[in-house]
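J.: This is target.txt, which holds compact mmCIF, C-alpha atoms and all ligand atoms:
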```txt
# COMPACT_ATOMS: atom_id res chain seq x y z
CA MET O 69 52.25 -118.13 -4.10
CA ASN O 70 49.29 -116.02 -2.90
CA SER O 71 48.21 -116.25 0.73
CA VAL O 72 45.28 -118.63 1.05
CA ASP O 73 42.27 -116.68 2.35
CA TYR O 74 39.36 -117.99 0.29
CA LEU O 75 37.17 -120.99 1.14
CA ARG O 76 34.53 -122.44 -1.16
CA ILE O 77 31.91 -124.19 0.93
CA SER O 78 29.63 -126.79 -0.61
CA LEU O 79 26.34 -126.66 1.29
CA ILE O 80 24.79 -129.66 -0.43
CA ASP O 81 25.84 -132.25 -3.02
CA ARG O 82 22.41 -132.48 -4.68
CA CYS O 83 21.37 -130.43 -7.67
CA ASN O 84 18.11 -129.79 -9.52
CA PHE O 85 19.98 -129.60 -12.87
CA ARG O 86 22.23 -132.15 -14.58
CA CYS O 87 24.46 -129.92 -16.68
CA GLN O 88 26.13 -132.04 -19.33
CA TYR O 89 29.63 -130.74 -18.54
CA CYS O 90 29.16 -131.34 -14.81
CA VAL O 91 27.30 -134.67 -14.65
CA PRO O 92 27.85 -137.42 -17.25
CA GLU O 93 24.71 -138.64 -19.01
CA GLY O 94 23.13 -141.58 -17.16
CA ALA O 95 25.50 -141.26 -14.18
CA LYS O 96 24.02 -142.55 -10.94
CA LEU O 97 25.12 -140.16 -8.22
CA GLU O 98 24.98 -141.23 -4.57
CA TYR O 99 23.77 -138.35 -2.43
CA LEU O 100 24.58 -137.65 1.18
CA THR O 101 21.87 -138.16 3.77
CA SER O 102 21.06 -135.16 5.93
CA PRO O 103 22.97 -136.42 9.03
CA GLU O 104 26.00 -137.09 6.83
CA GLN O 105 26.14 -133.43 5.87
CA LEU O 106 27.98 -130.92 7.96
CA GLN O 107 25.30 -129.41 10.23
CA ASN O 108 24.92 -125.63 10.56
CA HIS O 109 26.50 -125.50 14.03
CA GLU O 110 29.45 -127.61 12.82
CA LEU O 111 30.07 -125.35 9.85
CA LEU O 112 29.82 -122.23 12.03
CA THR O 113 32.27 -123.73 14.55
CA LEU O 114 34.77 -124.48 11.80
CA LEU O 115 34.49 -120.99 10.35
CA ALA O 116 34.71 -119.14 13.67
CA HIS O 117 37.40 -121.25 15.35
CA VAL O 118 39.44 -122.73 12.51
CA PHE O 119 39.25 -120.84 9.22
CA ILE O 120 38.82 -117.21 10.30
CA PRO O 121 41.64 -117.40 12.90
CA LEU O 122 43.86 -118.89 10.16
CA GLY O 123 43.30 -115.80 7.98
CA PHE O 124 40.37 -116.84 5.78
CA GLY O 125 38.02 -113.90 5.16
CA LYS O 126 36.34 -114.69 1.85
CA PHE O 127 33.73 -117.41 1.66
CA ARG O 128 31.71 -118.67 -1.29
CA LEU O 129 28.67 -120.90 -0.80
CA THR O 130 28.20 -123.43 -3.55
CA GLY O 131 27.15 -127.01 -4.20
CA GLY O 132 25.54 -128.99 -5.88
CA GLU O 133 22.87 -126.34 -5.85
CA PRO O 134 23.14 -124.25 -2.67
CA LEU O 135 19.56 -122.93 -2.91
CA LEU O 136 18.38 -126.50 -2.14
CA ARG O 137 19.90 -126.36 1.35
CA PRO O 138 17.09 -126.25 3.94
CA ASN O 139 16.94 -123.04 6.03
CA LEU O 140 19.54 -121.42 3.80
CA VAL O 141 18.68 -117.83 4.70
CA ASP O 142 19.25 -118.46 8.43
CA LEU O 143 22.61 -120.06 7.69
CA VAL O 144 23.66 -117.16 5.46
CA ARG O 145 22.69 -114.68 8.16
CA ALA O 146 24.68 -116.57 10.79
CA ILE O 147 27.79 -116.75 8.59
CA ALA O 148 27.52 -113.08 7.57
CA GLN O 149 27.43 -112.06 11.24
CA LEU O 150 30.64 -113.90 12.18
CA PRO O 151 33.40 -111.38 12.99
CA GLY O 152 36.11 -111.69 10.35
CA VAL O 153 33.85 -112.50 7.39
CA GLU O 154 34.89 -109.90 4.80
CA ASP O 155 33.11 -111.22 1.76
CA LEU O 156 30.29 -113.76 1.52
CA SER O 157 29.20 -114.82 -1.95
CA MET O 158 27.31 -117.66 -3.63
CA THR O 159 27.35 -119.57 -6.92
CA THR O 160 23.92 -120.79 -8.01
CA ASN O 161 21.98 -121.91 -11.07
CA ALA O 162 19.27 -119.35 -10.09
CA TYR O 163 16.35 -121.71 -10.74
CA LEU O 164 14.96 -121.12 -7.22
CA LEU O 165 16.37 -117.63 -6.83
CA ALA O 166 13.35 -115.44 -7.63
CA ASP O 167 11.76 -116.24 -4.25
CA LEU O 168 15.00 -116.09 -2.27
CA ALA O 169 17.01 -113.19 -3.70
CA GLN O 170 15.62 -110.48 -1.40
CA ASP O 171 15.96 -112.57 1.77
CA LEU O 172 19.51 -113.61 0.89
CA HIS O 173 20.47 -110.00 0.23
CA ASP O 174 18.90 -108.90 3.52
CA ALA O 175 20.68 -111.74 5.35
CA GLY O 176 24.06 -110.34 4.33
CA LEU O 177 25.02 -112.20 1.15
CA ASN O 178 27.30 -109.76 -0.68
CA ARG O 179 27.63 -111.17 -4.16
CA LEU O 180 26.13 -113.73 -6.53
CA ASN O 181 27.59 -115.69 -9.44
CA ILE O 182 24.93 -117.31 -11.60
CA SER O 183 25.51 -120.07 -14.14
CA LEU O 184 23.81 -119.32 -17.45
CA ASP O 185 25.14 -121.20 -20.46
CA SER O 186 22.60 -120.14 -23.07
CA LEU O 187 20.00 -117.49 -23.89
CA ASN O 188 18.16 -119.96 -26.07
CA PRO O 189 15.62 -121.96 -24.01
CA ASP O 190 16.03 -125.13 -26.14
CA THR O 191 19.82 -125.08 -25.90
CA PHE O 192 19.61 -124.21 -22.21
CA ASP O 193 17.31 -127.18 -21.49
CA ARG O 194 19.56 -129.50 -23.48
CA ILE O 195 22.61 -128.38 -21.51
CA ILE O 196 20.95 -128.76 -18.10
CA GLY O 197 19.45 -132.13 -19.06
CA ASN O 198 15.81 -131.01 -18.83
CA GLN O 199 13.20 -132.78 -20.92
CA GLY O 200 10.04 -131.30 -19.38
CA LYS O 201 8.65 -127.77 -19.44
CA SER O 202 11.44 -125.30 -20.15
CA ARG O 203 13.37 -124.19 -17.09
CA TRP O 204 14.82 -121.15 -18.84
CA PRO O 205 12.03 -118.64 -17.92
CA LYS O 206 12.26 -119.39 -14.19
CA THR O 207 16.06 -119.19 -14.30
CA TRP O 208 15.91 -115.86 -16.12
CA ALA O 209 13.36 -114.63 -13.54
CA GLY O 210 15.87 -115.58 -10.83
CA ILE O 211 18.57 -113.54 -12.56
CA GLN O 212 16.23 -110.55 -12.91
CA ALA O 213 15.33 -110.79 -9.21
CA ALA O 214 19.02 -110.81 -8.23
CA HIS O 215 19.53 -107.70 -10.36
CA ARG O 216 16.47 -105.99 -8.89
CA VAL O 217 17.39 -106.53 -5.24
CA GLY O 218 20.83 -105.04 -5.87
CA PHE O 219 23.44 -107.80 -6.15
CA GLU O 220 26.28 -105.87 -7.74
CA PRO O 221 28.23 -106.70 -9.79
CA LEU O 222 25.99 -109.57 -10.86
CA LYS O 223 28.18 -112.22 -12.45
CA LEU O 224 27.03 -114.75 -15.03
CA ASN O 225 29.17 -117.87 -15.59
CA VAL O 226 29.20 -119.49 -19.02
CA VAL O 227 31.02 -122.80 -19.57
CA VAL O 228 31.80 -122.75 -23.28
CA ILE O 229 31.45 -126.11 -25.05
CA PRO O 230 32.38 -126.26 -28.74
CA GLY O 231 29.34 -126.92 -30.92
CA VAL O 232 26.95 -126.73 -27.96
CA ASN O 233 26.86 -123.06 -26.95
CA ASP O 234 29.98 -121.42 -28.39
CA GLN O 235 27.90 -119.90 -31.21
CA GLU O 236 26.19 -117.78 -28.51
CA VAL O 237 29.32 -116.12 -27.18
CA LEU O 238 28.55 -112.82 -28.92
CA ASP O 239 24.92 -112.82 -27.72
CA LEU O 240 26.01 -113.50 -24.16
CA ALA O 241 28.73 -110.84 -24.35
CA ALA O 242 26.11 -108.38 -25.65
CA LEU O 243 24.26 -108.65 -22.32
CA THR O 244 26.92 -106.34 -20.89
CA GLY O 245 26.07 -103.55 -23.34
CA ASP O 246 23.35 -101.88 -21.27
CA ARG O 247 23.65 -103.75 -17.95
CA HIS O 248 26.28 -103.51 -15.21
CA TRP O 249 26.73 -107.27 -15.39
CA HIS O 250 29.94 -109.27 -15.51
CA VAL O 251 29.72 -112.15 -17.99
CA ARG O 252 32.50 -114.72 -17.51
CA PHE O 253 33.46 -117.32 -20.06
CA ILE O 254 34.98 -120.44 -18.47
CA GLU O 255 37.07 -122.95 -20.39
CA PHE O 256 35.55 -126.41 -20.16
CA MET O 257 37.61 -128.52 -17.72
CA PRO O 258 38.18 -132.27 -17.86
CA ILE O 259 36.30 -132.70 -14.59
CA GLY O 260 32.99 -134.51 -14.29
CA ASN O 261 32.12 -135.48 -17.86
CA GLY O 262 35.35 -136.80 -19.37
CA ASP O 263 33.55 -138.34 -22.36
CA LEU O 264 32.04 -135.01 -23.39
CA PHE O 265 35.43 -133.37 -22.88
CA GLN O 266 37.11 -135.94 -25.15
CA GLU O 267 34.41 -135.53 -27.76
CA ARG O 268 34.07 -131.73 -27.74
CA ALA O 269 37.33 -130.42 -26.23
CA TRP O 270 37.50 -126.75 -25.23
CA ILE O 271 37.97 -123.36 -26.83
CA PRO O 272 40.84 -121.15 -25.62
CA SER O 273 39.72 -117.82 -24.16
CA ALA O 274 42.01 -116.03 -26.62
CA GLU O 275 39.87 -117.33 -29.48
CA LEU O 276 36.66 -116.09 -27.82
CA ARG O 277 38.24 -112.69 -27.22
CA GLN O 278 39.21 -112.53 -30.88
CA ARG O 279 35.60 -113.15 -31.96
CA ILE O 280 34.39 -110.38 -29.64
CA ARG O 281 37.22 -108.02 -30.67
CA GLU O 282 36.37 -108.45 -34.36
CA LYS O 283 32.74 -107.51 -33.70
CA TRP O 284 33.03 -104.61 -31.24
CA GLY O 285 36.65 -104.18 -30.09
CA LEU O 286 37.80 -105.00 -26.56
CA GLU O 287 39.61 -103.06 -23.85
CA THR O 288 41.03 -104.15 -20.48
CA ALA O 289 38.93 -103.40 -17.40
CA GLN O 290 38.56 -104.11 -13.68
CA VAL O 291 35.83 -105.74 -11.64
CA GLN O 292 35.44 -106.32 -7.90
CA GLY O 293 36.41 -109.85 -6.84
CA ASN O 294 37.64 -110.90 -10.27
CA GLY O 295 39.47 -113.95 -8.86
CA PRO O 296 41.35 -115.75 -11.62
CA ALA O 297 39.43 -114.01 -14.44
CA ASP O 298 41.10 -111.70 -16.97
CA VAL O 299 38.72 -108.76 -17.28
CA PHE O 300 37.84 -106.78 -20.42
CA LYS O 301 34.97 -104.68 -21.70
CA ILE O 302 33.41 -103.84 -24.99
CA PRO O 303 34.10 -100.10 -25.57
CA GLY O 304 31.12 -98.10 -24.29
CA ALA O 305 29.50 -101.09 -22.55
CA LYS O 306 28.19 -100.72 -19.01
CA GLY O 307 29.25 -104.20 -17.96
CA THR O 308 32.44 -106.25 -18.23
CA LEU O 309 33.62 -109.58 -19.61
CA GLY O 310 35.75 -112.11 -17.75
CA PHE O 311 37.74 -115.01 -19.15
CA ILE O 312 38.72 -117.91 -16.92
CA SER O 313 41.45 -119.74 -18.75
CA GLN O 314 42.53 -122.54 -16.46
CA MET O 315 43.17 -124.84 -19.44
CA SER O 316 45.09 -122.49 -21.73
CA GLU O 317 46.77 -120.38 -19.02
CA CYS O 318 46.95 -122.65 -15.96
CA PHE O 319 46.76 -120.42 -12.84
CA CYS O 320 47.31 -123.21 -10.30
CA ASP O 321 50.54 -121.58 -9.10
CA ARG O 322 48.65 -118.54 -7.76
CA CYS O 323 45.70 -120.45 -6.30
CA ASN O 324 44.41 -118.81 -3.08
CA ARG O 325 41.54 -121.17 -2.29
CA MET O 326 40.51 -124.32 -0.53
CA ARG O 327 37.26 -126.27 -0.75
CA LEU O 328 35.06 -127.76 1.94
CA SER O 329 32.67 -130.47 0.77
CA ALA O 330 29.12 -130.84 2.07
CA ASP O 331 30.25 -133.73 4.31
CA GLY O 332 33.17 -131.81 5.73
CA TRP O 333 36.17 -132.92 3.68
CA LEU O 334 38.67 -130.10 3.30
CA ARG O 335 40.38 -130.23 -0.09
CA PRO O 336 43.36 -127.92 -0.60
CA CYS O 337 43.44 -128.43 -4.37
CA LEU O 338 40.51 -129.11 -6.71
CA LEU O 339 42.46 -131.80 -8.52
CA ASN O 340 44.20 -133.54 -5.64
CA GLU O 341 41.94 -135.97 -3.78
CA ALA O 342 44.70 -137.67 -1.79
CA SER O 343 45.51 -134.70 0.41
CA GLN O 344 42.05 -133.93 1.80
CA ILE O 345 41.15 -134.15 5.48
CA ASP O 346 37.93 -135.21 7.14
CA LEU O 347 36.95 -132.30 9.40
CA ARG O 348 33.51 -133.74 10.17
CA THR O 349 35.00 -136.84 11.79
CA LEU O 350 37.48 -134.73 13.73
CA LEU O 351 34.59 -132.61 15.06
CA ARG O 352 32.31 -135.53 15.80
CA THR O 353 34.98 -137.48 17.66
CA GLY O 354 35.45 -134.52 19.99
CA THR O 355 38.81 -133.26 18.72
CA ASP O 356 39.57 -129.90 20.26
CA VAL O 357 39.10 -127.00 17.82
CA GLY O 358 42.63 -125.79 18.58
CA GLU O 359 43.96 -129.14 17.41
CA ILE O 360 41.79 -129.02 14.26
CA ARG O 361 43.14 -125.52 13.60
CA ALA O 362 46.69 -126.84 13.88
CA ILE O 363 45.96 -129.66 11.41
CA VAL O 364 44.39 -127.26 8.90
CA GLY O 365 47.30 -124.87 9.43
CA GLN O 366 49.72 -127.63 8.41
CA LEU O 367 47.66 -128.32 5.30
CA LEU O 368 47.81 -124.59 4.45
CA GLN O 369 51.59 -124.68 4.73
CA ALA O 370 51.75 -127.73 2.49
CA LYS O 371 49.41 -126.34 -0.19
CA PRO O 372 52.10 -125.17 -2.65
CA GLU O 373 53.50 -128.72 -2.86
CA ILE O 374 50.06 -130.33 -2.92
CA ASN O 375 48.69 -128.25 -5.81
CA PHE O 376 48.30 -130.25 -9.01
CA LYS O 377 48.43 -128.44 -12.33
CA MET O 378 45.35 -128.20 -14.52
CA ARG O 379 47.51 -128.30 -17.66
CA ASP O 380 48.95 -131.69 -16.58
CA VAL O 381 45.56 -133.18 -15.78
CA GLY O 382 44.14 -131.92 -19.05
CA SER O 383 46.95 -133.12 -21.22
CA THR O 384 47.80 -136.47 -19.63
CA THR O 385 44.49 -138.09 -18.74
CA GLY O 386 41.96 -135.95 -20.58
CA GLN O 387 39.49 -136.51 -17.77
CA TYR O 388 39.01 -136.46 -14.05
CA GLY O 389 36.76 -138.75 -12.03
CA ARG O 390 34.55 -136.65 -9.76
CA THR O 391 31.96 -134.06 -10.77
CA MET O 392 32.10 -130.44 -9.68
CA SER O 393 28.71 -130.94 -8.00
CA GLN O 394 30.26 -133.63 -5.79
CA ILE O 395 33.46 -131.74 -5.04
CA GLY O 396 31.78 -128.37 -4.54
CA GLY O 397 32.43 -126.21 -7.60
N1 LIG C 401 24.98 -125.31 -9.03
C1 LIG C 401 25.67 -124.08 -8.96
C2 LIG C 401 25.94 -123.52 -10.33
O1 LIG C 401 25.88 -124.27 -11.29
O2 LIG C 401 26.22 -122.33 -10.44
C3 LIG C 401 26.95 -124.14 -8.16
C4 LIG C 401 27.81 -125.36 -8.30
S1 LIG C 401 28.58 -125.57 -9.89
C5 LIG C 401 29.44 -127.07 -9.65
C6 LIG C 401 29.85 -124.32 -9.83
C7 LIG C 401 30.49 -123.97 -11.14
O3 LIG C 401 31.19 -125.08 -11.65
C8 LIG C 401 29.51 -123.54 -12.21
O4 LIG C 401 29.78 -122.21 -12.58
C9 LIG C 401 29.78 -124.50 -13.33
O5 LIG C 401 29.61 -123.86 -14.54
C10 LIG C 401 31.20 -124.96 -13.05
N2 LIG C 401 31.55 -126.26 -13.66
C11 LIG C 401 31.04 -127.47 -13.41
N3 LIG C 401 31.63 -128.43 -14.17
C12 LIG C 401 32.56 -127.80 -14.94
C13 LIG C 401 33.50 -128.21 -15.95
N4 LIG C 401 33.61 -129.49 -16.32
N5 LIG C 401 34.28 -127.28 -16.53
C14 LIG C 401 34.20 -125.97 -16.15
N6 LIG C 401 33.33 -125.52 -15.21
C15 LIG C 401 32.53 -126.40 -14.61
FE1 LIG C 402 24.83 -127.59 -13.27
FE2 LIG C 402 25.73 -126.46 -11.02
FE3 LIG C 402 24.07 -128.49 -10.93
FE4 LIG C 402 26.56 -128.91 -11.76
S1 LIG C 402 25.96 -128.30 -9.73
S2 LIG C 402 24.67 -129.76 -12.62
S3 LIG C 402 26.95 -126.97 -12.82
S4 LIG C 402 23.62 -126.48 -11.83
```
Would you write the structure of this file as structure tokens?

T.:
Amino acid sequence: MNSVDYLRISLIDRCNFRCQYCVPEGAKLEYLTSPEQLQNHELLTLLAHVFIPLGFGKFRLTGGEPLLRPNLVDLVRAIAQLPGVEDLSMTTNAYLLADLAQDLHDAGLNRLNISLDSLNPDTFDRIIGNQGKSRWPKTWAGIQAAHRVGFEPLKLNVVVIPGVNDQEVLDLAALTGDRHWHVRFIEFMPIGNGDLFQERAWIPSAELRQRIREKWGLETAQVQGNGPADVFKIPGAKGTLGFISQMSECFCDRCNRMRLSADGWLRPCLLNEASQIDLRTLLRTGTDVGEIRAIVGQLLQAKPEINFKMRDVGSTTGQYGRTMSQIGG
């Protein structure tokens, strides 16, 4: 069991996309009102007096879509300045990034992961559930801006869905040829859209690697902050390829992370709803931060027993109720 030092913080449960693997078609999502969300000062209190003293040093801001959080740059700056923050990163769909990339970089954001499931604007729009003017150009402009202002290594996340975007795996891998980018292929999980999962299933990373190996060859490599990804590169390429294989090679036993939802629920395991605790209510009812730290400390101790196993969830039920945008992906 790794020591748990990594917290994924959902800043907002709303999103401006409806990716088909994340949100089921036609689903009516109930969003939090602004007072229901953890306020900036509450989040900063939890980080400074609960998580950092307990040994957390790596923080990822996510959502929903984190760029929709009002006054985001100020919040990023405040988190980055907390003593004990070693690494502050963000996962975003990049749609609003072109105007924010420089300010986020200046505010102290260290790294960015960007979701990009297709290079084809029609496929991209179909995946994100967009029926109006294509959103691909603005998303690509956001990615270019992140590259320009110096986010390094820039990581692109691709959720591979059979028959939807798997035919683009080679094109997406080719992006690493002349760019120092890290393209990561993620196995589709039975979270969020269980119907699509049942219909399409998922492709094992080993099969994707084989396709890439047949075309160009593949060698092992390293990348900063690789997390659970197995890292490779195409010989001679500037960038690298990551494979996140939580379905075919369940890595739940070495999980080093916890998740904090936008309304302050701390979830020690992505798949286990029963064990979460409501930090917002503890804060708002005046519980002493030392006491909150003790409660979270106990949850940390219990994490190895609490962890579910992705392979069990995938094989027994084939689906899981809540979306990643609600949990905080
Ligand atoms: N909106 C931001 C974005 O899309 O990058 C951040 C939140 S999103 C929930 C975080 C990550 O969860 C994304 O990289 C997305 O691809 C991934 N994700 C969502 N649903 C998934 C699923 N069913 N299987 C695998 N990955 C999923
Ligand atoms: Fe897509 Fe991220 Fe929004 Fe989910 S939260 S719909 S993965 S952009």

J.: Taking only residues of chain O that have an atom at most 7 Å from an atom of ligand LIG 402 (chain C), what is each one's shortest atom pair and its distance in Å to one decimal, using all atoms listed in the file, in chain and number order, as a tab-separated table?

T.:
```
residue	atom	partner	partner_atom	distance
O:Cys83	CA	C:LIG402	FE3	4.7
O:Asn84	CA	C:LIG402	FE3	6.3
O:Phe85	CA	C:LIG402	FE3	4.7
O:Arg86	CA	C:LIG402	S2	3.9
O:Cys87	CA	C:LIG402	S2	4.1
O:Cys90	CA	C:LIG402	FE4	4.7
O:Val91	CA	C:LIG402	S2	5.9
O:Gly131	CA	C:LIG402	S1	5.8
O:Gly132	CA	C:LIG402	S1	3.9
O:Glu133	CA	C:LIG402	S1	5.3
O:Thr160	CA	C:LIG402	FE2	6.7
O:Asn161	CA	C:LIG402	S4	4.9
O:Ile196	CA	C:LIG402	FE1	6.3
O:Met392	CA	C:LIG402	FE4	6.1
O:Ser393	CA	C:LIG402	S1	4.2
```

J.: Using all atoms listed in the file, which of O:Arg325, O:Lys301, O:Arg128, O:Arg361 sits nearest Gly245 of chain O?

T.: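 Residue with the minimum atom-to-atom distance to Gly245 of chain O: O:Lys301.
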
J.: Of the residues O:Pro205, O:Pro272, O:Gly262, O:Pro336, which is the one nearest to ligand LIG 401 (chain C), using all atoms listed in the file?

T.: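 Of O:Pro205, O:Pro272, O:Gly262, O:Pro336, the one nearest ligand LIG 401 (chain C) is O:Gly262, counting all atoms listed in the file.
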
J.: Got a sec: who's within 8 Å of segment 116-120 of chain O, counting all atoms listed in the file, leaving out chain neighbours fewer than 5 positions off, as a list in words?

T.: Gly125, Leu150, Pro151, Gly152, Val153, Val357, Gly358, Ile360, Arg361 and Val364 of chain O

J.: Take the residues just selected and output them with C-alpha atoms as a PDB file, keeping the file's coordinate frame.

T.:
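Generated file (selection_33.pdb):
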```pdb
ATOM      1  CA  GLY O 125      38.020-113.900   5.160  1.00  0.00           C
ATOM      2  CA  LEU O 150      30.640-113.900  12.180  1.00  0.00           C
ATOM      3  CA  PRO O 151      33.400-111.380  12.990  1.00  0.00           C
ATOM      4  CA  GLY O 152      36.110-111.690  10.350  1.00  0.00           C
ATOM      5  CA  VAL O 153      33.850-112.500   7.390  1.00  0.00           C
ATOM      6  CA  VAL O 357      39.100-127.000  17.820  1.00  0.00           C
ATOM      7  CA  GLY O 358      42.630-125.790  18.580  1.00  0.00           C
ATOM      8  CA  ILE O 360      41.790-129.020  14.260  1.00  0.00           C
ATOM      9  CA  ARG O 361      43.140-125.520  13.600  1.00  0.00           C
ATOM     10  CA  VAL O 364      44.390-127.260   8.900  1.00  0.00           C
TER      11      VAL O 364
END
```

J.: Figure out the distance between atom CA of Ile80 of chain O and atom CA of Leu164 of chain O, please, to one decimal in Å.

T.: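 That distance, rounded to one decimal, is 14.7 Å.
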
J.: Hey, can you check how far atom CA of Gly332 of chain O sits from atom CA of Gln344 of chain O?

T.: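 Separation between atom CA of Gly332 of chain O and atom CA of Gln344 of chain O: 9.9 Å.
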
J.: Could you give me, as number ranges by chain, the residues that sit within 6 Å of (31.7, -118.2, -4.1) in the file's coordinates, counting only C-alpha atoms?

T.: O: 76, 128-129, 157-159

J.: Assuming the input is short of atoms at segment 361-376 of chain O, produce N, CA, C and O atoms for that part as a PDB file, keeping the file's coordinate frame.

T.:
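Okay, rebuild.pdb is ready:
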```pdb
ATOM      1  N   ARG O 361      42.524-126.709  14.218  1.00  0.00           N
ATOM      2  CA  ARG O 361      43.140-125.520  13.600  1.00  0.00           C
ATOM      3  C   ARG O 361      44.603-125.808  13.255  1.00  0.00           C
ATOM      4  O   ARG O 361      45.092-125.439  12.187  1.00  0.00           O
ATOM      5  N   ALA O 362      45.282-126.517  14.143  1.00  0.00           N
ATOM      6  CA  ALA O 362      46.690-126.840  13.880  1.00  0.00           C
ATOM      7  C   ALA O 362      46.815-127.763  12.665  1.00  0.00           C
ATOM      8  O   ALA O 362      47.708-127.580  11.819  1.00  0.00           O
ATOM      9  N   ILE O 363      45.904-128.725  12.547  1.00  0.00           N
ATOM     10  CA  ILE O 363      45.960-129.660  11.410  1.00  0.00           C
ATOM     11  C   ILE O 363      45.701-128.913  10.099  1.00  0.00           C
ATOM     12  O   ILE O 363      46.397-129.096   9.099  1.00  0.00           O
ATOM     13  N   VAL O 364      44.697-128.029  10.121  1.00  0.00           N
ATOM     14  CA  VAL O 364      44.390-127.260   8.900  1.00  0.00           C
ATOM     15  C   VAL O 364      45.547-126.311   8.586  1.00  0.00           C
ATOM     16  O   VAL O 364      45.910-126.116   7.418  1.00  0.00           O
ATOM     17  N   GLY O 365      46.152-125.755   9.623  1.00  0.00           N
ATOM     18  CA  GLY O 365      47.300-124.870   9.430  1.00  0.00           C
ATOM     19  C   GLY O 365      48.443-125.578   8.707  1.00  0.00           C
ATOM     20  O   GLY O 365      49.082-125.016   7.823  1.00  0.00           O
ATOM     21  N   GLN O 366      48.655-126.853   9.089  1.00  0.00           N
ATOM     22  CA  GLN O 366      49.720-127.630   8.410  1.00  0.00           C
ATOM     23  C   GLN O 366      49.379-127.848   6.940  1.00  0.00           C
ATOM     24  O   GLN O 366      50.235-127.784   6.063  1.00  0.00           O
ATOM     25  N   LEU O 367      48.086-128.105   6.687  1.00  0.00           N
ATOM     26  CA  LEU O 367      47.660-128.320   5.300  1.00  0.00           C
ATOM     27  C   LEU O 367      47.877-127.032   4.477  1.00  0.00           C
ATOM     28  O   LEU O 367      48.292-127.068   3.316  1.00  0.00           O
ATOM     29  N   LEU O 368      47.595-125.887   5.125  1.00  0.00           N
ATOM     30  CA  LEU O 368      47.810-124.590   4.450  1.00  0.00           C
ATOM     31  C   LEU O 368      49.284-124.429   4.061  1.00  0.00           C
ATOM     32  O   LEU O 368      49.608-123.992   2.954  1.00  0.00           O
ATOM     33  N   GLN O 369      50.149-124.784   5.002  1.00  0.00           N
ATOM     34  CA  GLN O 369      51.590-124.680   4.730  1.00  0.00           C
ATOM     35  C   GLN O 369      51.991-125.563   3.558  1.00  0.00           C
ATOM     36  O   GLN O 369      52.846-125.218   2.755  1.00  0.00           O
ATOM     37  N   ALA O 370      51.341-126.737   3.492  1.00  0.00           N
ATOM     38  CA  ALA O 370      51.750-127.730   2.490  1.00  0.00           C
ATOM     39  C   ALA O 370      51.135-127.453   1.112  1.00  0.00           C
ATOM     40  O   ALA O 370      51.526-128.071   0.128  1.00  0.00           O
ATOM     41  N   LYS O 371      50.176-126.518   1.052  1.00  0.00           N
ATOM     42  CA  LYS O 371      49.410-126.340  -0.190  1.00  0.00           C
ATOM     43  C   LYS O 371      50.272-126.140  -1.451  1.00  0.00           C
ATOM     44  O   LYS O 371      49.994-126.750  -2.486  1.00  0.00           O
ATOM     45  N   PRO O 372      51.333-125.343  -1.397  1.00  0.00           N
ATOM     46  CA  PRO O 372      52.100-125.170  -2.650  1.00  0.00           C
ATOM     47  C   PRO O 372      52.623-126.482  -3.210  1.00  0.00           C
ATOM     48  O   PRO O 372      52.666-126.650  -4.429  1.00  0.00           O
ATOM     49  N   GLU O 373      52.982-127.427  -2.334  1.00  0.00           N
ATOM     50  CA  GLU O 373      53.500-128.720  -2.860  1.00  0.00           C
ATOM     51  C   GLU O 373      52.353-129.632  -3.272  1.00  0.00           C
ATOM     52  O   GLU O 373      52.522-130.500  -4.131  1.00  0.00           O
ATOM     53  N   ILE O 374      51.195-129.435  -2.653  1.00  0.00           N
ATOM     54  CA  ILE O 374      50.060-130.330  -2.920  1.00  0.00           C
ATOM     55  C   ILE O 374      49.387-129.994  -4.257  1.00  0.00           C
ATOM     56  O   ILE O 374      48.842-130.847  -4.927  1.00  0.00           O
ATOM     57  N   ASN O 375      49.420-128.694  -4.618  1.00  0.00           N
ATOM     58  CA  ASN O 375      48.690-128.250  -5.810  1.00  0.00           C
ATOM     59  C   ASN O 375      49.082-129.070  -7.048  1.00  0.00           C
ATOM     60  O   ASN O 375      50.257-129.157  -7.387  1.00  0.00           O
ATOM     61  N   PHE O 376      48.078-129.654  -7.702  1.00  0.00           N
ATOM     62  CA  PHE O 376      48.300-130.250  -9.010  1.00  0.00           C
ATOM     63  C   PHE O 376      48.246-129.116 -10.043  1.00  0.00           C
ATOM     64  O   PHE O 376      47.931-127.984  -9.719  1.00  0.00           O
TER      65      PHE O 376
END
```
